[in-house]
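Undergrad: Here you go, this is final-v4.cif (mmCIF, C-alpha atoms).
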```
data_work
loop_
_atom_site.label_atom_id
_atom_site.label_comp_id
_atom_site.auth_asym_id
_atom_site.auth_seq_id
_atom_site.Cartn_x
_atom_site.Cartn_y
_atom_site.Cartn_z
CA MET A 1 6.77 -25.46 -1.56
CA SER A 2 5.53 -28.84 -0.42
CA ARG A 3 2.44 -30.55 -1.83
CA THR A 4 0.66 -30.01 1.50
CA ASP A 5 1.45 -26.29 1.39
CA ARG A 6 0.04 -26.03 -2.13
CA GLY A 7 -3.04 -27.96 -1.11
CA LEU A 8 -3.73 -25.44 1.66
CA LEU A 9 -2.65 -22.28 -0.14
CA ILE A 10 -4.38 -22.68 -3.49
CA PRO A 11 -7.96 -22.97 -2.13
CA LEU A 12 -7.30 -20.08 0.26
CA LEU A 13 -6.01 -17.83 -2.53
CA LEU A 14 -8.77 -18.81 -4.93
CA GLY A 15 -11.35 -18.08 -2.25
CA GLY A 16 -9.66 -14.75 -1.52
CA LEU A 17 -9.64 -13.78 -5.20
CA VAL A 18 -13.33 -14.63 -5.50
CA VAL A 19 -14.07 -12.44 -2.46
CA LEU A 20 -11.94 -9.66 -3.98
CA VAL A 21 -13.75 -9.75 -7.34
CA LEU A 22 -17.14 -9.76 -5.62
CA SER A 23 -16.04 -6.96 -3.28
CA ILE A 24 -15.00 -4.79 -6.23
CA GLY A 25 -18.29 -5.48 -8.01
CA VAL A 26 -20.39 -4.66 -4.95
CA ALA A 27 -18.31 -1.61 -3.93
CA VAL A 28 -18.77 -0.04 -7.37
CA THR A 29 -22.56 -0.22 -6.94
CA ILE A 30 -22.50 1.73 -3.67
CA GLY A 31 -22.98 5.47 -4.00
CA PRO A 32 -25.54 8.23 -4.64
CA ALA A 33 -26.46 6.82 -8.06
CA SER A 34 -27.94 3.33 -7.98
CA VAL A 35 -26.14 0.75 -10.16
CA SER A 36 -26.62 -3.01 -9.92
CA VAL A 37 -23.85 -5.58 -9.74
CA SER A 38 -24.95 -7.07 -13.05
CA ASP A 39 -24.73 -3.60 -14.65
CA VAL A 40 -21.19 -3.24 -13.34
CA TYR A 41 -20.04 -6.49 -14.91
CA ARG A 42 -21.90 -5.72 -18.16
CA VAL A 43 -20.09 -2.38 -18.40
CA ILE A 44 -16.73 -4.03 -17.77
CA LEU A 45 -17.34 -6.78 -20.32
CA GLY A 46 -18.58 -4.22 -22.83
CA HIS A 47 -15.43 -2.11 -22.51
CA ILE A 48 -13.14 -5.10 -22.97
CA GLY A 49 -15.05 -6.17 -26.08
CA ILE A 50 -17.15 -9.02 -24.72
CA GLY A 51 -20.80 -8.31 -25.51
CA THR A 52 -22.56 -4.97 -25.11
CA ALA A 53 -23.05 -3.04 -21.89
CA GLY A 54 -26.79 -2.47 -22.29
CA VAL A 55 -26.80 0.47 -19.84
CA SER A 56 -27.28 4.21 -20.24
CA ARG A 57 -24.36 6.49 -21.03
CA ILE A 58 -24.61 8.04 -17.57
CA GLU A 59 -24.44 4.65 -15.84
CA ASP A 60 -21.53 3.67 -18.07
CA GLY A 61 -19.67 6.83 -17.10
CA ILE A 62 -20.36 6.34 -13.39
CA VAL A 63 -19.01 2.80 -13.48
CA TRP A 64 -16.17 3.07 -15.97
CA GLN A 65 -14.87 6.60 -15.41
CA LEU A 66 -15.58 7.25 -11.73
CA ARG A 67 -16.12 4.28 -9.45
CA LEU A 68 -14.24 1.40 -11.09
CA PRO A 69 -10.84 3.16 -11.40
CA ARG A 70 -11.14 4.35 -7.81
CA THR A 71 -12.05 0.90 -6.49
CA LEU A 72 -9.28 -0.79 -8.47
CA LEU A 73 -6.75 1.77 -7.25
CA ALA A 74 -7.92 1.13 -3.68
CA ALA A 75 -7.30 -2.61 -4.18
CA ILE A 76 -3.86 -1.95 -5.67
CA CYS A 77 -2.91 0.40 -2.81
CA GLY A 78 -4.02 -2.12 -0.21
CA ALA A 79 -2.15 -4.96 -1.93
CA GLY A 80 1.02 -2.92 -2.48
CA LEU A 81 1.21 -1.38 0.99
CA ALA A 82 0.52 -4.72 2.69
CA LEU A 83 3.21 -6.39 0.57
CA CYS A 84 5.71 -3.66 1.46
CA GLY A 85 4.86 -4.07 5.14
CA ALA A 86 5.53 -7.81 5.02
CA ILE A 87 8.87 -7.24 3.27
CA MET A 88 9.94 -4.50 5.68
CA GLN A 89 9.07 -6.58 8.75
CA SER A 90 11.11 -9.48 7.40
CA LEU A 91 14.13 -7.47 6.27
CA LEU A 92 14.34 -5.38 9.44
CA ARG A 93 13.23 -8.25 11.73
CA ASN A 94 10.88 -5.78 13.35
CA PRO A 95 7.17 -6.71 13.66
CA LEU A 96 6.25 -3.04 13.96
CA ALA A 97 7.91 -1.93 10.71
CA ASP A 98 5.84 -0.70 7.78
CA PRO A 99 6.48 1.08 4.45
CA PHE A 100 6.64 4.49 6.11
CA VAL A 101 9.44 3.54 8.49
CA LEU A 102 11.99 4.69 5.90
CA GLY A 103 10.45 8.15 5.55
CA ILE A 104 9.31 7.35 2.00
CA SER A 105 5.78 8.62 2.54
CA SER A 106 6.99 11.88 4.06
CA GLY A 107 9.44 12.40 1.21
CA ALA A 108 6.73 11.74 -1.38
CA SER A 109 4.44 14.21 0.36
CA THR A 110 7.14 16.87 0.32
CA GLY A 111 7.84 16.31 -3.38
CA ALA A 112 4.17 16.61 -4.25
CA VAL A 113 3.76 19.78 -2.19
CA VAL A 114 6.83 21.35 -3.83
CA VAL A 115 5.23 20.85 -7.25
CA ALA A 116 1.67 21.79 -6.24
CA VAL A 117 2.38 24.78 -3.99
CA LEU A 118 5.73 26.18 -5.13
CA GLY A 119 5.13 25.41 -8.81
CA VAL A 120 8.55 23.81 -9.32
CA GLY A 121 8.87 22.60 -12.89
CA GLY A 122 6.73 25.39 -14.33
CA GLY A 123 3.81 23.04 -14.98
CA ALA A 124 5.96 20.45 -16.74
CA LEU A 125 6.06 18.21 -13.66
CA SER A 126 2.98 16.41 -12.41
CA LEU A 127 2.07 15.77 -8.79
CA SER A 128 3.02 12.11 -9.25
CA THR A 129 6.45 13.03 -10.64
CA GLY A 130 7.12 15.29 -7.67
CA ALA A 131 6.03 12.58 -5.25
CA PHE A 132 8.28 10.04 -6.97
CA ALA A 133 11.27 12.38 -6.78
CA GLY A 134 10.63 13.21 -3.12
CA ALA A 135 10.20 9.56 -2.15
CA LEU A 136 13.41 8.48 -3.85
CA LEU A 137 15.34 11.42 -2.39
CA SER A 138 14.08 10.53 1.09
CA PHE A 139 15.02 6.88 0.58
CA VAL A 140 18.57 7.75 -0.53
CA LEU A 141 19.08 10.15 2.39
CA VAL A 142 17.81 7.61 4.93
CA MET A 143 20.06 4.87 3.51
CA LEU A 144 23.08 7.19 3.57
CA LEU A 145 22.33 8.23 7.14
CA ALA A 146 21.91 4.60 8.21
CA ALA A 147 25.18 3.62 6.51
CA GLY A 148 26.99 6.53 8.13
CA ALA A 149 25.69 5.40 11.53
CA GLY A 150 27.17 1.96 11.02
CA GLY A 151 24.37 0.12 9.24
CA GLY A 152 22.18 -2.49 10.85
CA ASN A 153 18.43 -2.83 11.12
CA ASP A 154 18.09 -0.60 14.18
CA ARG A 155 20.07 2.16 12.43
CA VAL A 156 17.77 1.96 9.40
CA VAL A 157 14.70 2.35 11.61
CA LEU A 158 16.21 5.29 13.50
CA ALA A 159 17.31 6.94 10.25
CA GLY A 160 13.79 6.44 8.90
CA VAL A 161 12.30 8.16 11.94
CA ALA A 162 14.67 11.09 11.43
CA GLY A 163 13.84 11.26 7.73
CA THR A 164 10.12 11.16 8.45
CA GLN A 165 10.38 14.08 10.87
CA LEU A 166 12.58 16.09 8.51
CA PHE A 167 10.32 15.79 5.47
CA SER A 168 7.14 16.24 7.53
CA ALA A 169 8.59 19.50 8.85
CA LEU A 170 9.53 20.61 5.32
CA THR A 171 6.01 19.84 4.07
CA SER A 172 4.42 21.81 6.92
CA PHE A 173 6.77 24.74 6.36
CA ILE A 174 6.01 24.92 2.62
CA VAL A 175 2.24 24.71 3.17
CA ILE A 176 2.19 27.31 5.95
CA SER A 177 4.53 29.78 4.23
CA SER A 178 3.42 29.54 0.59
CA ALA A 179 -0.04 27.99 0.17
CA ASP A 180 -3.30 29.90 0.12
CA ALA A 181 -6.37 28.67 2.00
CA GLU A 182 -7.72 26.59 -0.88
CA GLN A 183 -4.35 24.97 -1.61
CA THR A 184 -3.88 24.23 2.08
CA ARG A 185 -7.22 22.40 2.31
CA GLY A 186 -6.48 20.37 -0.82
CA VAL A 187 -2.95 19.46 0.24
CA LEU A 188 -3.96 18.50 3.78
CA PHE A 189 -6.78 16.28 2.46
CA TRP A 190 -4.36 14.58 0.05
CA LEU A 191 -1.75 14.10 2.78
CA LEU A 192 -4.32 12.17 4.84
CA GLY A 193 -4.93 9.82 1.93
CA SER A 194 -7.45 10.31 -0.84
CA LEU A 195 -8.54 8.22 -3.82
CA SER A 196 -11.04 10.78 -5.10
CA GLY A 197 -8.94 11.75 -8.12
CA ALA A 198 -8.23 8.20 -9.30
CA ASP A 199 -8.17 7.57 -13.04
CA TRP A 200 -7.05 4.80 -15.37
CA THR A 201 -3.55 6.29 -15.66
CA ASP A 202 -3.10 5.92 -11.90
CA VAL A 203 -4.44 2.36 -12.05
CA ALA A 204 -2.03 1.41 -14.85
CA LEU A 205 1.03 3.05 -13.22
CA CYS A 206 0.43 1.79 -9.69
CA GLY A 207 -0.73 -1.63 -10.86
CA GLY A 208 2.34 -2.09 -13.04
CA VAL A 209 4.77 -1.06 -10.30
CA ALA A 210 3.01 -3.20 -7.67
CA LEU A 211 2.91 -6.24 -9.98
CA LEU A 212 6.60 -5.90 -10.83
CA GLY A 213 7.45 -5.57 -7.16
CA MET A 214 5.43 -8.63 -6.23
CA VAL A 215 7.14 -10.74 -8.90
CA VAL A 216 10.57 -9.67 -7.62
CA CYS A 217 9.57 -10.40 -4.02
CA LEU A 218 8.16 -13.84 -4.90
CA PHE A 219 11.46 -14.76 -6.54
CA ASN A 220 13.19 -13.97 -3.23
CA THR A 221 10.89 -15.81 -0.80
CA SER A 222 13.58 -18.33 0.14
CA ALA A 223 15.97 -15.50 0.99
CA LEU A 224 13.27 -13.81 3.08
CA ASP A 225 12.73 -17.06 4.99
CA ALA A 226 16.47 -17.16 5.68
CA PHE A 227 16.42 -13.55 6.94
CA THR A 228 14.06 -14.71 9.69
CA PHE A 229 17.06 -16.26 11.45
CA GLY A 230 19.28 -13.19 11.03
CA HIS A 231 21.67 -11.90 8.38
CA ASP A 232 24.56 -14.10 9.52
CA ALA A 233 22.42 -17.23 9.29
CA ALA A 234 21.16 -16.15 5.85
CA ALA A 235 24.72 -15.60 4.65
CA SER A 236 25.75 -19.04 5.90
CA LEU A 237 22.91 -20.51 3.81
CA GLY A 238 24.35 -18.90 0.68
CA VAL A 239 22.05 -15.88 0.48
CA PRO A 240 23.72 -12.77 -1.00
CA VAL A 241 22.57 -10.71 1.97
CA ARG A 242 23.68 -7.26 0.87
CA TYR A 243 22.34 -7.61 -2.67
CA VAL A 244 18.95 -9.02 -1.63
CA ARG A 245 18.54 -6.46 1.14
CA ILE A 246 19.25 -3.49 -1.13
CA LEU A 247 17.10 -4.91 -3.95
CA LEU A 248 14.06 -5.46 -1.75
CA LEU A 249 14.43 -2.11 0.02
CA VAL A 250 14.55 -0.35 -3.37
CA ILE A 251 11.49 -2.30 -4.55
CA THR A 252 9.66 -1.33 -1.37
CA ALA A 253 10.59 2.31 -1.90
CA LEU A 254 9.41 2.28 -5.52
CA ILE A 255 6.06 0.66 -4.71
CA THR A 256 5.41 3.03 -1.82
CA ALA A 257 6.41 6.05 -3.90
CA ALA A 258 4.04 5.09 -6.70
CA LEU A 259 1.13 4.50 -4.34
CA VAL A 260 1.70 7.65 -2.30
CA SER A 261 1.97 9.73 -5.48
CA ALA A 262 -1.50 8.55 -6.52
CA ALA A 263 -3.31 8.24 -3.19
CA GLY A 264 -1.41 10.24 -0.60
CA ALA A 265 -0.23 8.90 2.75
CA ILE A 266 -2.25 5.88 3.92
CA GLY A 267 -0.95 4.49 7.18
CA PHE A 268 -1.29 1.24 9.16
CA VAL A 269 -2.10 -0.98 6.14
CA GLY A 270 1.47 -2.26 5.87
CA LEU A 271 1.77 -2.56 9.64
CA VAL A 272 -1.34 -4.55 10.52
CA LEU A 273 -2.31 -6.74 7.55
CA PRO A 274 0.91 -8.81 7.34
CA HIS A 275 0.19 -9.93 10.91
CA ALA A 276 -3.32 -10.97 9.91
CA ALA A 277 -1.87 -12.99 7.03
CA ARG A 278 0.68 -14.67 9.33
CA PHE A 279 -2.17 -15.66 11.64
CA LEU A 280 -3.88 -17.39 8.70
CA VAL A 281 -1.00 -19.08 6.86
CA GLY A 282 2.10 -18.84 9.03
CA ALA A 283 5.44 -17.13 8.41
CA ARG A 284 6.65 -18.95 5.26
CA HIS A 285 6.91 -16.22 2.64
CA ARG A 286 5.65 -18.28 -0.30
CA ARG A 287 2.35 -18.48 1.53
CA LEU A 288 2.57 -15.18 3.38
CA LEU A 289 3.17 -12.75 0.49
CA PRO A 290 0.28 -13.80 -1.81
CA THR A 291 -2.09 -14.00 1.16
CA THR A 292 -1.03 -10.56 2.38
CA VAL A 293 -1.61 -9.07 -1.07
CA VAL A 294 -5.15 -10.47 -1.34
CA ILE A 295 -6.11 -9.46 2.20
CA GLY A 296 -4.71 -5.97 1.67
CA ALA A 297 -6.66 -5.51 -1.56
CA ILE A 298 -9.97 -6.63 -0.01
CA PHE A 299 -9.38 -4.47 3.06
CA MET A 300 -8.73 -1.27 1.13
CA VAL A 301 -11.69 -1.76 -1.21
CA TRP A 302 -14.04 -1.68 1.77
CA VAL A 303 -12.13 1.04 3.63
CA ASP A 304 -12.46 3.33 0.61
CA THR A 305 -16.15 2.45 0.29
CA ILE A 306 -16.66 3.44 3.93
CA ALA A 307 -14.66 6.64 3.46
CA ARG A 308 -16.75 7.88 0.54
CA THR A 309 -20.21 6.81 1.69
CA VAL A 310 -20.64 6.90 5.47
CA PHE A 311 -20.85 10.70 5.69
CA ALA A 312 -21.87 11.35 2.07
CA PRO A 313 -21.76 13.81 0.43
CA GLN A 314 -18.81 14.64 2.72
CA GLU A 315 -15.86 12.32 2.08
CA ILE A 316 -13.47 11.13 4.81
CA PRO A 317 -9.78 10.81 3.95
CA VAL A 318 -8.89 7.14 3.56
CA GLY A 319 -5.94 7.51 5.92
CA VAL A 320 -8.29 8.57 8.70
CA VAL A 321 -10.32 5.36 8.36
CA THR A 322 -7.23 3.13 8.23
CA ALA A 323 -5.90 4.86 11.35
CA LEU A 324 -9.19 4.37 13.23
CA ILE A 325 -9.03 0.66 12.39
CA GLY A 326 -5.26 0.31 12.60
CA VAL A 327 -4.58 1.90 15.99
CA PRO A 328 -6.61 -0.69 17.98
CA ALA A 329 -5.02 -3.45 15.91
CA PHE A 330 -1.59 -1.93 16.57
CA ALA A 331 -2.29 -1.93 20.31
CA LEU A 332 -3.30 -5.59 20.10
CA ILE A 333 -0.03 -6.42 18.33
CA LEU A 334 1.93 -4.64 21.07
CA PHE A 335 0.15 -6.65 23.77
CA ARG A 336 0.80 -9.90 21.92
CA LEU A 337 4.50 -9.02 21.57
CA ARG A 338 4.68 -8.31 25.30
CA ARG A 339 3.10 -11.68 26.15
CA SER A 340 5.44 -13.56 23.80
CA ARG A 341 8.52 -12.31 25.65
#
```
Could you write out this file's structure as structure tokens?
TA:
Amino acid sequence: MSRTDRGLLIPLLLGGLVVLVLSIGVAVTIGPASVSVSDVYRVILGHIGIGTAGVSRIEDGIVWQLRLPRTLLAAICGAGLALCGAIMQSLLRNPLADPFVLGISSGASTGAVVVAVLGVGGGALSLSTGAFAGALLSFVLVMLLAAGAGGGNDRVVLAGVAGTQLFSALTSFIVISSADAEQTRGVLFWLLGSLSGADWTDVALCGGVALLGMVVCLFNTSALDAFTFGHDAAASLGVPVRYVRILLLVITALITAALVSAAGAIGFVGLVLPHAARFLVGARHRRLLPTTVVIGAIFMVWVDTIARTVFAPQEIPVGVVTALIGVPAFALILFRLRRSR
């Protein structure tokens, strides 16, 4: 990265991180119970051993046990899904690709429903474990189908569409044939994306997977830049195309599986936000990936805040809000692509 690039990127990222921290602090204060921003930061500092919280036990529980894990998980989901979208669009050279193009979300949903509705595992398997297994199974099947069709980016996309339809149909069949009314409502709400059950275990698991994935992706930014010119051009520049492609696709699958297992299916984040980041910093991946992560985190913090407060006490699934925002943005992207041709 050139000195000029660093000079532009570092202030932008620092500003974005400041906005993210402030957004988390403000979002935690919003809700039926009134909590100030200063109380939020006092609770956080108190729990990490810096000073005392100086708030009531109820306020401490609201901040530390309910709102803060949910808000942090929202930030992690936004960052991880946006990162996966940027990687998918680069690897597949398709500006309309996102983490769900490989059928990972549908597979995770099926795995979770198998555990929750059919009781597979006899209680030994958690919803997250089922979602992980379903996501990885879907990923393997899509990759095998794409390889059997001759490989290539277009084959991967088509195989992903087929996988998405297959696992969506399986999920619907299981819910309709085996779930009672209460299970059906819960499963359908989760499938639309929900952060209502977030806890510190989810934050630790999803945060660890997303952080690991980001580190791996940042180590491969030069290869991703080379992929912009096609696989043949990348190979001529010395990039181990097959290895990098498989590695990054697996990382994308793992991140998406972890996030879907905790928050359900949240669409359009990985599709739209990488384009917003490219508008700000260009297509170089050393600038693009960190910017995409920060933008995605800020975006999801406020989307989740809207979802849980606008129609309170009724909560809107997060995926509904991202779709309402994402569809107009998706249409704008389509029009821009048409004009660029």
Undergrad: Give the answer as one residue: which of A:Thr309, A:Leu91, A:Ala297, A:His47 has the shortest atom-to-atom distance to A:Asp225, using all atoms listed in the file?
TA: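 Ranking A:Thr309, A:Leu91, A:Ala297, A:His47 by distance to A:Asp225, first place goes to A:Leu91.
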Undergrad: Which value, in Å to one decimal, gives the distance between atom CA of A:Val113 and atom CA of A:Ala162?
TA: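 Computed distance, atom CA of A:Val113 to atom CA of A:Ala162, equals 19.5 Å.
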Undergrad: Starting from the shown file, work through the PyMOL selection byres ((chain A and resi 93) around 10) and note down what comes out as an MDAnalysis selection string.
TA: chainID A and resid 87:92 94:97 153:154 227:231
Undergrad: Could you spell out the hits of the PyMOL selection byres ((chain A and resi 59-72) around 6) on the shown file, as a PyMOL selection string?
TA: chain A and resi 28+56-58+73-75+198-200+301
Undergrad: Using only C-alpha atoms - which residues lie no farther than 10 Å from the point (8.9, -3.6, -0.6) in the file's frame? Write them as a list in words.
TA: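 Answer for this query, in the requested form: Gly80, Leu81, Ala82, Leu83, Cys84, Gly85, Ala86, Ile87, Met88, Gln89, Leu91, Asp98, Pro99, Ala210, Gly213, Met214, Val216, Cys217, Leu247, Leu248, Leu249, Val250, Ile251, Thr252, Ala253, Leu254, Ile255, Thr256 and Gly270 of chain A.
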Undergrad: What's around A:Met143 at 8 Å? Count only C-alpha atoms, leave out sequence neighbours fewer than 4 positions away in its own chain, and write the answer as a PDB file with C-alpha atoms, in the coordinates of the input.
TA:
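Listing of part-v6.pdb after writing:
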```
ATOM      1  CA  PHE A 139      15.020   6.880   0.580  1.00  0.00           C
ATOM      2  CA  ALA A 147      25.180   3.620   6.510  1.00  0.00           C
ATOM      3  CA  VAL A 156      17.770   1.960   9.400  1.00  0.00           C
ATOM      4  CA  ALA A 159      17.310   6.940  10.250  1.00  0.00           C
TER       5      ALA A 159
END
```
Undergrad: For this structure, which residues satisfy the selection - the PyMOL selection byres ((chain A and resi 8-18) around 12) - when it is evaluated on the file as given? I want them as a ChimeraX atom specification.
TA: /A:1-7,19-25,75,277,280-282,284-299
Undergrad: I want to know what sits within 10 Å of stretch 176-185 of chain A, based on only C-alpha atoms, with residues of the same chain fewer than 2 positions away left out; could you give that as a PDB file with C-alpha atoms, keeping the file's coordinate frame?
TA:
```pdb
ATOM      1  CA  VAL A 113       3.760  19.780  -2.190  1.00  0.00           C
ATOM      2  CA  VAL A 114       6.830  21.350  -3.830  1.00  0.00           C
ATOM      3  CA  ALA A 116       1.670  21.790  -6.240  1.00  0.00           C
ATOM      4  CA  VAL A 117       2.380  24.780  -3.990  1.00  0.00           C
ATOM      5  CA  LEU A 118       5.730  26.180  -5.130  1.00  0.00           C
ATOM      6  CA  LEU A 170       9.530  20.610   5.320  1.00  0.00           C
ATOM      7  CA  THR A 171       6.010  19.840   4.070  1.00  0.00           C
ATOM      8  CA  SER A 172       4.420  21.810   6.920  1.00  0.00           C
ATOM      9  CA  PHE A 173       6.770  24.740   6.360  1.00  0.00           C
ATOM     10  CA  ILE A 174       6.010  24.920   2.620  1.00  0.00           C
ATOM     11  CA  VAL A 187      -2.950  19.460   0.240  1.00  0.00           C
ATOM     12  CA  LEU A 188      -3.960  18.500   3.780  1.00  0.00           C
ATOM     13  CA  PHE A 189      -6.780  16.280   2.460  1.00  0.00           C
ATOM     14  CA  TRP A 190      -4.360  14.580   0.050  1.00  0.00           C
ATOM     15  CA  LEU A 191      -1.750  14.100   2.780  1.00  0.00           C
TER      16      LEU A 191
END
```
Undergrad: Return the single residue from A:Ala135, A:Ala323, A:Leu145, A:Leu211 that is closest to A:Ser109, with distances computed using all atoms listed in the file.
TA: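 Closest candidate: A:Ala135.
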Undergrad: Using all atoms listed in the file, which residue out of A:Pro317, A:Gly326, A:Gly49, A:Gly31 lies closest to A:Leu192?
TA: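 When distances to A:Leu192 are compared using all atoms listed in the file, the smallest one comes from A:Pro317.
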Undergrad: Would you give the centre and edge lengths, in Å to one decimal, of a box along x, y and z around the listed atoms of stretch 246-261 of chain A, with 8 Å added to each side, as lines of an AutoDock Vina configuration file?
TA:
```
center_x = 10.2
center_y = 2.1
center_z = -3.3
size_x = 34.1
size_y = 31.2
size_z = 22.7
```
Undergrad: Kindly indicate which residue among A:Val203, A:Ile104, A:Val320, A:Val272 lies nearest to A:Thr164, using all atoms listed in the file for the distances.
TA: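 The answer is A:Ile104, which sits nearest to A:Thr164.
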Undergrad: One number please: atom CA of A:Pro328 to atom CA of A:Gly193, in Å, one decimal.
TA: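 According to the coordinates, atom CA of A:Pro328 and atom CA of A:Gly193 are separated by 19.3 Å.
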Undergrad: At what distance in Å, to one decimal, does atom CA of A:Cys206 lie from atom CA of A:Arg242?
TA: 27.1 Å
